[in-house]
Amino acid sequence: MLTSPQQNTPKNSSPTETEDTTAVDRLTTEDRTAKPPKPRTGSSANLDLLRSIAVLLVLGEHLFRRNHIETIGWVHVTSLGMFGVLLFFVHTSLVLMQSMERSRLEGGPLLKNFFTRRAFRIYPLSIIAVLAAVALHLDSNVNGGHGLSFAPRPGIGRIAANLLLVQNFTHSKPIVNVLWSLPYELQMYLLLPFLYLWSRKRKIFWPLIIFWVICIYPFSIQPNIHGLSRFGLINFIPNFLGGVIAFTLPRVPRIKSYWWPLFILFLVLLFTISSATITGYALCLALGMLIPSFAEISTSWLRVLSHNIATYSYGVYLSHQFCIWFALGFLGSHSPWLKIPLLVALLAGIPVLFYHAVEKPMIQVGSTLAKAYASPPNDTRQPELSKSGVSS
């Protein structure tokens with residue numbers, strides 16, 4: 001599968017394994033004005049920008065490393081991709097908690113609805129990407145290489161593992177351990193519905209803060225504890241909690257919207273200075289606590305650009321390594337005047353094709369099946385909007 005940032009970075013994490021790109025599954029927000037807020041549908045421009053920066057950080061890391069650039073000044077390029085993945089974790093937990101809230105389901109129907117949508121959201125495009133890599137005899141080079149490379153005749157076990165989005169697969173592992181080899185977003189999917197059911201009736205900000213404080217030390221040393229190294233999700237739960245904490249807070253946009261991009265870039269800068277695990281925890285917490293405090297960005301070109309990147313980000317994530325390999329590796333001996341325009345065209349075109357040919361239709365199929373499996377309650381009233389403009 002595709003590589004992800006090294007060191008503590010989860011392997012094969014997929015950004016858009018985290019969210020449906022249809023408007024109904026996006027965060028609806030309304031900035032505070034002199035007049036009472038009106039209901040509004042559509043995506044959150046702030047979350048679109050967060051998602052866009054995250055995928056661009058991962059893309060940037062792989063571009064640099066493909067060209068054997070490991071540092072830029074004081075910045076280790078692996079820290080860029082690593083923090084991009086952490087941003088996805090916050091984004092993931094927030095948008096999925098809000099998606100479950102908008103479903104107005106609980107118990108078994110909620111779980112059926114949630115997991116059906118996730119399956120059709122994640123697997124169809126992932127399977128196509130893996131089959132393409134297998135057909136081309138490509139390997140993700142996850143153990144420290146610079147992107148995709150030729151790998152003769154990958155084994156059936158490896159192919160099956162990749163099709164299932166399984167990471168760290170070895171033939172010696174018994175099948176019972178496959179669960180713990182799933183990418184971290186997928187492991188977190190097993191916990192998020194229960195976190196939502198726990199917090200849905202009463203927002204539990206302070207208990208979550210206390211839990212975050214209690215778990216940061218034992219969870220940060222998890223990779224060094226014998227017997228727990230395979231339970232990689234433990235190491236990243238405090239990062240996911242940032243999004244859950246954002247969900248518990250009311251949306252009161254006190255901070256001007258133009259500070260939002262600068263705030264995200266400031267967090268990126270801090271992580272490049274110190275990419276320790278505890279730094280990631282603290283920055284994800286700060287992000288989660290402040291997301292509800294920013295007004296929605298209103299600059300038209302930035303909203304349009306970030307919305308488009310966010311919409312196609314899953315395709316970008318799954319295809320960008322192939323695009324880089326083909327343009328800069330397979331065609332490495334050709335002129336930059338050919339390679340660079342081709343790389344840009346592939347990075348822009350393949351995700352758009354993936355989205356409209358596979359991703360969006362499968363999202364719609366999943367949505368239809370989820371509604372059939374788990375019908376909403378008899379109360380068909382629309383959720384009321386709080387003063388902050390977020391449905392509750």
# chains A, B, ... in the order shown; residues from 1 in each chain; ligands from 1
$ residues_around --residues "region 278-294 of chain A" --least-positions-apart "6" --cutoff "8 Å" --atoms "only C-alpha atoms" --output "list of chain:residue names"
A:Phe83, A:Leu86, A:Leu87, A:Val90, A:Ile216, A:Ser220, A:Pro238, A:Asn239, A:Phe240, A:Leu241, A:Gly242, A:Gly243, A:Val244, A:Ile245, A:Ala246, A:Leu249, A:Pro250, A:Arg251, A:Val252, A:Pro253, A:Arg254, A:Ile255, A:Lys256, A:Ser257, A:Trp259, A:Trp260, A:Leu267, A:Phe271
$ write_last_selection --atoms "C-alpha atoms" --output "PDB file, in the first residue's frame"
ATOM      1  CA  PHE A  83       1.731  16.149  10.960  1.00  0.00           C
ATOM      2  CA  LEU A  86      -2.237  13.868  12.628  1.00  0.00           C
ATOM      3  CA  LEU A  87      -4.387  16.654  11.180  1.00  0.00           C
ATOM      4  CA  VAL A  90      -8.496  15.344  14.294  1.00  0.00           C
ATOM      5  CA  ILE A 216      -0.834  11.057  27.301  1.00  0.00           C
ATOM      6  CA  SER A 220       3.095   7.997  24.337  1.00  0.00           C
ATOM      7  CA  PRO A 238      -4.878  11.432  22.137  1.00  0.00           C
ATOM      8  CA  ASN A 239      -4.609  12.809  18.579  1.00  0.00           C
ATOM      9  CA  PHE A 240      -8.097  11.522  17.696  1.00  0.00           C
ATOM     10  CA  LEU A 241      -9.429  12.940  20.966  1.00  0.00           C
ATOM     11  CA  GLY A 242      -8.743  16.433  19.637  1.00  0.00           C
ATOM     12  CA  GLY A 243     -11.592  16.019  17.165  1.00  0.00           C
ATOM     13  CA  VAL A 244     -13.900  14.459  19.752  1.00  0.00           C
ATOM     14  CA  ILE A 245     -13.236  17.397  22.082  1.00  0.00           C
ATOM     15  CA  ALA A 246     -14.020  19.834  19.236  1.00  0.00           C
ATOM     16  CA  LEU A 249     -17.707  22.369  22.288  1.00  0.00           C
ATOM     17  CA  PRO A 250     -20.348  24.869  21.136  1.00  0.00           C
ATOM     18  CA  ARG A 251     -19.529  26.789  17.990  1.00  0.00           C
ATOM     19  CA  VAL A 252     -18.912  30.372  19.060  1.00  0.00           C
ATOM     20  CA  PRO A 253     -16.747  32.025  16.381  1.00  0.00           C
ATOM     21  CA  ARG A 254     -14.832  34.652  18.334  1.00  0.00           C
ATOM     22  CA  ILE A 255     -11.718  34.638  16.129  1.00  0.00           C
ATOM     23  CA  LYS A 256     -11.659  36.302  12.705  1.00  0.00           C
ATOM     24  CA  SER A 257     -11.617  33.902   9.782  1.00  0.00           C
ATOM     25  CA  TRP A 259      -6.486  33.789  11.286  1.00  0.00           C
ATOM     26  CA  TRP A 260      -7.585  30.217  10.496  1.00  0.00           C
ATOM     27  CA  LEU A 267       0.822  24.470  14.182  1.00  0.00           C
ATOM     28  CA  PHE A 271       5.676  20.494  14.789  1.00  0.00           C
TER      29      PHE A 271
END
$ atom_distance --atom1 "CA of Ser275 (chain A)" --atom2 "CA of Phe236 (chain A)"
13.8 Å
$ residues_around --residues "region 343-348 of chain A" --least-positions-apart "2" --cutoff "8 Å" --atoms "only C-alpha atoms" --output "list in words"
Val316, Ser319, His320, Cys323, Ile324, Ala327, Leu328, Lys339, Ile340, Pro341, Ile350, Pro351 and Val352 of chain A
$ atom_distance --atom1 "CA of Leu111 (chain A)" --atom2 "CA of Val365 (chain A)"
17.1 Å
